[in-house]
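**Student:** This is data_13.cif, which holds mmCIF, C-alpha atoms:
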data_run
#
loop_
_atom_site.label_atom_id
_atom_site.label_comp_id
_atom_site.auth_asym_id
_atom_site.auth_seq_id
_atom_site.Cartn_x
_atom_site.Cartn_y
_atom_site.Cartn_z
CA PRO A 212 -5.02 5.13 -20.90
CA ALA A 213 -2.44 7.89 -20.75
CA ALA A 214 -4.03 9.42 -17.67
CA ARG A 215 -3.71 6.10 -15.85
CA ASP A 216 0.07 6.11 -16.41
CA LEU A 217 0.49 9.03 -14.03
CA ARG A 218 1.87 7.35 -10.91
CA PHE A 219 1.89 8.57 -7.32
CA ALA A 220 5.68 8.94 -7.47
CA SER A 221 5.31 11.44 -10.31
CA LEU A 222 2.98 13.51 -8.15
CA ILE A 223 5.65 13.69 -5.48
CA ARG A 224 8.13 15.04 -8.04
CA SER A 225 5.70 17.44 -9.71
CA ARG A 226 7.05 21.02 -9.67
CA SER A 227 3.64 22.56 -10.29
CA LEU A 228 2.09 20.68 -7.37
CA ARG A 229 4.97 21.66 -5.08
CA PHE A 230 4.38 25.32 -5.96
CA ALA A 231 0.64 25.07 -5.37
CA LEU A 232 1.07 23.35 -2.02
CA ARG A 233 3.30 26.11 -0.69
CA LYS A 234 0.21 28.31 -0.76
CA ALA A 235 -2.14 25.71 0.81
CA PRO A 236 0.10 23.18 2.58
CA VAL A 237 -2.58 21.07 4.25
CA MET A 238 -5.29 20.83 1.60
CA ILE A 239 -5.56 18.39 -1.29
CA LEU A 240 -8.91 19.35 -2.82
CA ASP A 241 -7.22 21.16 -5.69
CA LYS A 242 -5.10 18.05 -6.35
CA LEU A 243 -7.95 15.54 -6.59
CA ASP A 244 -7.91 15.21 -10.37
CA ALA A 245 -4.25 14.21 -10.23
CA LEU A 246 -4.68 11.95 -7.20
CA ARG A 247 -7.58 10.13 -8.85
CA THR A 248 -5.24 8.90 -11.59
CA ALA A 249 -3.14 7.07 -8.97
CA THR A 250 -3.93 3.59 -7.68
CA ILE A 251 -4.79 4.18 -4.02
CA ILE A 252 -5.69 1.19 -1.86
CA LEU A 253 -7.39 1.25 1.53
CA ALA A 254 -6.26 -1.80 3.53
CA SER A 255 -9.56 -1.97 5.37
CA GLN A 256 -13.18 -2.99 5.00
CA SER A 257 -14.43 -0.19 7.26
CA PRO A 258 -17.43 1.46 5.62
CA ARG A 259 -16.74 4.62 7.60
CA ARG A 260 -13.19 4.96 6.25
CA VAL A 261 -14.47 4.34 2.73
CA GLU A 262 -17.14 7.00 3.27
CA ILE A 263 -14.59 9.57 4.46
CA LEU A 264 -12.06 8.88 1.70
CA ASN A 265 -14.46 8.45 -1.20
CA ASP A 266 -17.76 10.15 -0.41
CA ILE A 267 -16.39 13.14 1.52
CA ILE A 268 -12.88 13.72 0.12
CA GLY A 269 -13.64 12.14 -3.26
CA LEU A 270 -10.44 10.14 -3.75
CA GLY A 271 -11.92 7.00 -5.29
CA VAL A 272 -9.83 4.53 -3.28
CA LYS A 273 -10.26 0.79 -3.66
CA ALA A 274 -10.88 -1.12 -0.42
CA ILE A 275 -8.92 -4.36 -0.01
CA PRO A 276 -9.31 -5.74 3.53
CA SER A 277 -6.08 -6.76 5.21
CA THR A 278 -5.70 -10.32 6.51
CA PHE A 279 -3.46 -9.19 9.37
CA GLU A 280 -4.73 -10.92 12.52
CA GLU A 281 -4.63 -7.77 14.71
CA ASP A 282 -3.14 -9.87 17.50
CA LEU A 283 -0.46 -7.53 18.85
CA ASP A 284 0.23 -7.83 22.58
CA LYS A 285 -1.47 -4.75 24.00
CA ALA A 286 0.70 -4.93 27.13
CA LYS A 287 3.72 -3.94 25.01
CA PHE A 288 2.13 -0.79 23.57
CA THR A 289 0.52 2.46 24.55
CA PRO A 290 -2.83 3.09 22.82
CA ALA A 291 -1.10 5.47 20.39
CA THR A 292 1.71 3.07 19.45
CA TYR A 293 -0.73 0.15 19.30
CA VAL A 294 -2.96 1.71 16.63
CA GLN A 295 0.04 2.95 14.69
CA GLU A 296 1.69 -0.46 14.52
CA THR A 297 -1.60 -2.22 13.75
CA ALA A 298 -2.24 0.22 10.88
CA ARG A 299 1.31 -0.39 9.63
CA GLN A 300 0.92 -4.16 9.67
CA LYS A 301 -2.41 -3.96 7.85
CA ALA A 302 -0.92 -1.80 5.11
CA LEU A 303 2.22 -3.95 4.78
CA GLU A 304 0.18 -7.13 4.39
CA VAL A 305 -1.89 -5.67 1.55
CA TRP A 306 1.16 -4.05 -0.09
CA LYS A 307 3.05 -7.36 -0.11
CA ARG A 308 0.02 -9.31 -1.36
CA LEU A 309 -0.48 -6.93 -4.28
CA LYS A 310 3.23 -6.91 -5.13
CA ASP A 311 3.31 -10.72 -5.10
CA ALA A 312 0.37 -10.67 -7.53
CA GLY A 313 2.32 -8.39 -9.88
CA GLU A 314 0.35 -5.26 -9.06
CA SER A 315 1.93 -1.89 -8.31
CA PRO A 316 -0.20 0.32 -6.08
CA ASP A 317 0.84 3.94 -5.81
CA LEU A 318 -0.35 4.32 -2.24
CA VAL A 319 -1.65 1.87 0.38
CA ILE A 320 -3.47 3.29 3.39
CA GLY A 321 -3.70 1.35 6.64
CA GLY A 322 -5.84 2.49 9.55
CA ASP A 323 -6.78 1.36 13.02
CA THR A 324 -8.90 2.98 15.73
CA VAL A 325 -9.36 2.18 19.41
CA VAL A 326 -11.01 3.79 22.40
CA ALA A 327 -8.86 4.16 25.50
CA LEU A 328 -10.06 4.80 29.02
CA ASP A 329 -7.23 5.41 31.49
CA GLU A 330 -4.80 3.70 29.06
CA MET A 331 -7.07 0.63 28.87
CA ILE A 332 -7.62 -0.20 25.19
CA LEU A 333 -11.19 -0.90 24.11
CA GLU A 334 -11.59 -2.43 20.66
CA LYS A 335 -14.76 -3.88 19.12
CA PRO A 336 -16.94 -5.72 21.66
CA GLN A 337 -16.83 -9.50 21.51
CA ASP A 338 -20.52 -9.90 22.34
CA LYS A 339 -23.46 -8.00 23.79
CA ALA A 340 -22.28 -8.43 27.37
CA ASP A 341 -18.90 -6.99 26.42
CA ALA A 342 -20.57 -4.03 24.69
CA GLU A 343 -22.65 -3.30 27.80
CA ARG A 344 -19.50 -3.48 29.95
CA MET A 345 -17.69 -0.99 27.73
CA LEU A 346 -20.58 1.48 27.75
CA ARG A 347 -20.90 1.27 31.54
CA GLU A 348 -17.20 2.10 31.84
CA LEU A 349 -17.45 5.03 29.42
CA SER A 350 -20.62 6.43 31.03
CA GLY A 351 -20.01 9.79 32.70
CA HIS A 352 -16.31 9.84 31.84
CA THR A 353 -13.94 11.35 29.29
CA HIS A 354 -12.06 8.90 27.11
CA SER A 355 -9.65 9.11 24.20
CA VAL A 356 -10.07 7.87 20.67
CA PHE A 357 -6.79 6.99 18.95
CA SER A 358 -6.43 6.38 15.23
CA GLY A 359 -3.20 5.20 13.66
CA VAL A 360 -2.62 5.69 9.93
CA ALA A 361 0.10 4.16 7.76
CA LEU A 362 0.84 5.45 4.28
CA LEU A 363 2.97 3.16 2.11
CA TYR A 364 4.12 4.31 -1.29
CA ALA A 365 6.84 3.56 -3.82
CA GLY A 366 9.85 5.80 -3.38
CA ARG A 367 12.02 6.99 -6.22
CA ASP A 368 14.18 3.86 -5.95
CA GLY A 369 11.09 1.63 -6.08
CA ALA A 370 11.39 0.56 -2.44
CA VAL A 371 8.43 0.93 -0.11
CA THR A 372 8.46 4.14 1.91
CA GLU A 373 6.44 4.52 5.11
CA ARG A 374 4.71 7.53 6.65
CA LEU A 375 3.06 6.86 10.03
CA PHE A 376 1.02 9.14 12.28
CA THR A 377 -1.48 8.99 15.13
CA GLU A 378 -4.43 11.21 16.01
CA GLN A 379 -6.05 11.57 19.45
CA THR A 380 -9.49 12.99 20.20
CA ARG A 381 -10.98 13.42 23.68
CA VAL A 382 -14.67 12.50 24.03
CA THR A 383 -16.91 13.01 27.07
CA PHE A 384 -19.97 10.83 27.70
CA ALA A 385 -23.05 11.82 29.67
CA GLU A 386 -24.28 9.49 32.39
CA LEU A 387 -26.01 6.52 30.74
CA SER A 388 -28.78 4.59 32.46
CA ALA A 389 -28.86 0.80 32.38
CA GLY A 390 -31.98 0.98 30.21
CA VAL A 391 -30.31 3.24 27.62
CA ILE A 392 -27.25 1.00 27.47
CA LYS A 393 -29.33 -2.13 27.03
CA ALA A 394 -31.52 -0.57 24.32
CA TYR A 395 -28.47 0.65 22.43
CA VAL A 396 -26.75 -2.71 22.56
CA GLU A 397 -29.94 -4.46 21.42
CA SER A 398 -29.99 -2.18 18.37
CA GLY A 399 -26.83 -3.92 17.18
CA GLU A 400 -25.03 -0.66 16.43
CA PRO A 401 -22.15 -1.11 18.91
CA MET A 402 -20.97 -4.49 17.70
CA ASP A 403 -18.61 -3.44 14.90
CA LYS A 404 -17.28 -0.29 16.53
CA ALA A 405 -14.27 0.37 18.74
CA GLY A 406 -15.42 1.16 22.26
CA GLY A 407 -18.90 -0.10 21.47
CA TYR A 408 -20.40 3.09 20.03
CA GLY A 409 -20.60 5.10 16.82
CA ILE A 410 -20.53 8.88 17.12
CA GLN A 411 -21.96 9.29 13.60
CA ALA A 412 -25.14 7.40 14.52
CA ALA A 413 -27.29 6.88 17.64
CA GLY A 414 -24.18 6.61 19.79
CA GLY A 415 -23.61 10.29 19.15
CA THR A 416 -26.48 11.07 21.53
CA PHE A 417 -24.22 9.97 24.41
CA VAL A 418 -21.53 12.54 23.63
CA SER A 419 -21.68 15.71 25.73
CA GLY A 420 -18.33 17.07 24.60
CA ILE A 421 -15.49 16.53 22.15
CA SER A 422 -12.00 17.98 21.83
CA GLY A 423 -10.19 17.26 18.59
CA CYS A 424 -11.09 15.76 15.23
CA TYR A 425 -14.66 14.49 14.90
CA TYR A 426 -13.79 12.28 11.92
CA ASN A 427 -11.09 10.64 14.00
CA VAL A 428 -13.84 9.34 16.28
CA MET A 429 -15.62 8.00 13.20
CA GLY A 430 -12.47 6.02 12.45
CA PHE A 431 -10.26 8.14 10.20
CA PRO A 432 -8.57 11.50 10.90
CA MET A 433 -9.49 13.29 7.69
CA HIS A 434 -7.62 16.57 8.16
CA SER A 435 -4.37 14.93 9.29
CA PHE A 436 -4.55 12.50 6.39
CA CYS A 437 -4.90 15.37 3.90
CA ARG A 438 -2.00 17.18 5.56
CA GLU A 439 0.25 14.11 5.33
CA VAL A 440 -0.65 13.33 1.72
CA ALA A 441 -0.02 16.98 0.81
CA SER A 442 3.41 16.78 2.41
CA LEU A 443 4.19 13.62 0.40
CA ILE A 444 3.31 15.38 -2.82
CA ASP A 445 5.36 18.38 -1.74
#
Could you render the structure from this file as structure tokens?

**Tutor:**
Amino acid sequence: PAARDLRFASLIRSRSLRFALRKAPVMILDKLDALRTATIILASQSPRRVEILNDIIGLGVKAIPSTFEEDLDKAKFTPATYVQETARQKALEVWKRLKDAGESPDLVIGGDTVVALDEMILEKPQDKADAERMLRELSGHTHSVFSGVALLYAGRDGAVTERLFTEQTRVTFAELSAGVIKAYVESGEPMDKAGGYGIQAAGGTFVSGISGCYYNVMGFPMHSFCREVASLID
């Protein structure tokens, strides 16, 4: 269909969109009809990222999980650089796989989120004992949630162009009793979440304070993503 032929690169060059974005430089809601004609891929299987991008923003992205092993040496990175490089590698793997298959995505989004306590990176717990350990460490303390995002798109010369950014949110936990921690871990909720909790579900009851983007703690910094995509179009 003709509408499908509108590529992401054409959005970047669009004079009318550039004019509109000068008046609202960080919002993309008025550009959704145009963005929905582009092929946008999320290099992740995270249901929370899909929810933010599709159900809340309304982009209609297609989720293609990356096969990147996520085996970077944490000792060589800060939490911020770790999530950024992991997101980049996820996006690059999916971009290359699609290109090798003869497909031409307009935009590939990679994302990664970790919890950091005193620069110690906490990813998804390996088992219930690991989840309990993480929650004991977070109890009564303030930690940081870092999300790295990589945006890969075809530049005007056809080569892949990268846009990388990182978001940090500070989260404070109340004191958690051993019984609360055990009950939460037994619910199964912590097992697929960085730091062993989900702020959007029962884990949110532990949070006594937050400074920064709430959606970043969910796993995807929605406002910063919209700002960066708007700047690409501009």

**Student:** Determine, counting all atoms listed in the file, every residue of protein, DNA or RNA that lies within 6 Å of (-23.5, 10.7, 33.2) in the file coordinates, then give the result as a count of residues only.

**Tutor:** 5

**Student:** Run the PyMOL selection byres ((chain A and resi 335) around 7) mentally over the shown coordinates, then write out the matched residues as a ChimeraX atom specification, using the chain letters and numbers from the document.

**Tutor:** /A:333-334,336-337,402-407

**Student:** Restricting the calculation to all atoms listed in the file: of A:Tyr293, A:Tyr395, A:Phe376, A:Phe431, which residue gets closest to Lys339 of chain A?

**Tutor:**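 Nearest to Lys339 of chain A: A:Tyr395.
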
**Student:** Quick one: residues within 7 Å of Thr380 of chain A, only C-alpha atoms counted, chain neighbours fewer than 4 positions away excluded, as a list in words?

**Tutor:** Ser355, Val356, Phe357, Ser422, Gly423, Cys424, Asn427 and Val428 of chain A

**Student:** With a distance cut-off of 8 Å and all atoms listed in the file, select the neighbouring residues of Ala361 of chain A, excluding the residue or stretch itself and same-chain residues fewer than 3 positions from it, and output the selection as a ChimeraX atom specification.

**Tutor:** /A:295,298-299,302,319-322,373-376

**Student:** Please compute the atom CA of Thr248 of chain A-atom CA of Glu304 of chain A distance, one decimal, in Å.

**Tutor:**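 Interatomic distance, atom CA of Thr248 of chain A to atom CA of Glu304 of chain A: 23.3 Å.
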
**Student:** Could you expand the PyMOL selection byres ((chain A and resi 256) around 7) into the explicit residues it covers here, written as an NGL selection string?

**Tutor:** :A and (255 or 257-258 or 274-276)

**Student:** May I have the residues from that selection written out with C-alpha atoms, as a PDB file, in the frame of the given file?

**Tutor:**
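Output file again-v6.pdb follows:
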ATOM      1  CA  SER A 255      -9.560  -1.970   5.370  1.00  0.00           C
ATOM      2  CA  SER A 257     -14.430  -0.190   7.260  1.00  0.00           C
ATOM      3  CA  PRO A 258     -17.430   1.460   5.620  1.00  0.00           C
ATOM      4  CA  ALA A 274     -10.880  -1.120  -0.420  1.00  0.00           C
ATOM      5  CA  ILE A 275      -8.920  -4.360  -0.010  1.00  0.00           C
ATOM      6  CA  PRO A 276      -9.310  -5.740   3.530  1.00  0.00           C
TER       7      PRO A 276
END

**Student:** Atom CA of Thr324 of chain A and atom CA of Val382 of chain A are how many Å apart?

**Tutor:**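 Going from atom CA of Thr324 of chain A over to atom CA of Val382 of chain A covers 13.9 Å.
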
**Student:** Taking only C-alpha atoms into account, name the residue in A:Leu349, A:Leu264, A:Gly313, A:Ile444 that is nearest to Gly414 of chain A.

**Tutor:**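 Result for the nearest residue to Gly414 of chain A: A:Leu349.
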
**Student:** Which value, in Å to one decimal, gives the distance between atom CA of Thr383 of chain A and atom CA of Arg259 of chain A?

**Tutor:**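 Distance reported for this atom pair: 21.2 Å.
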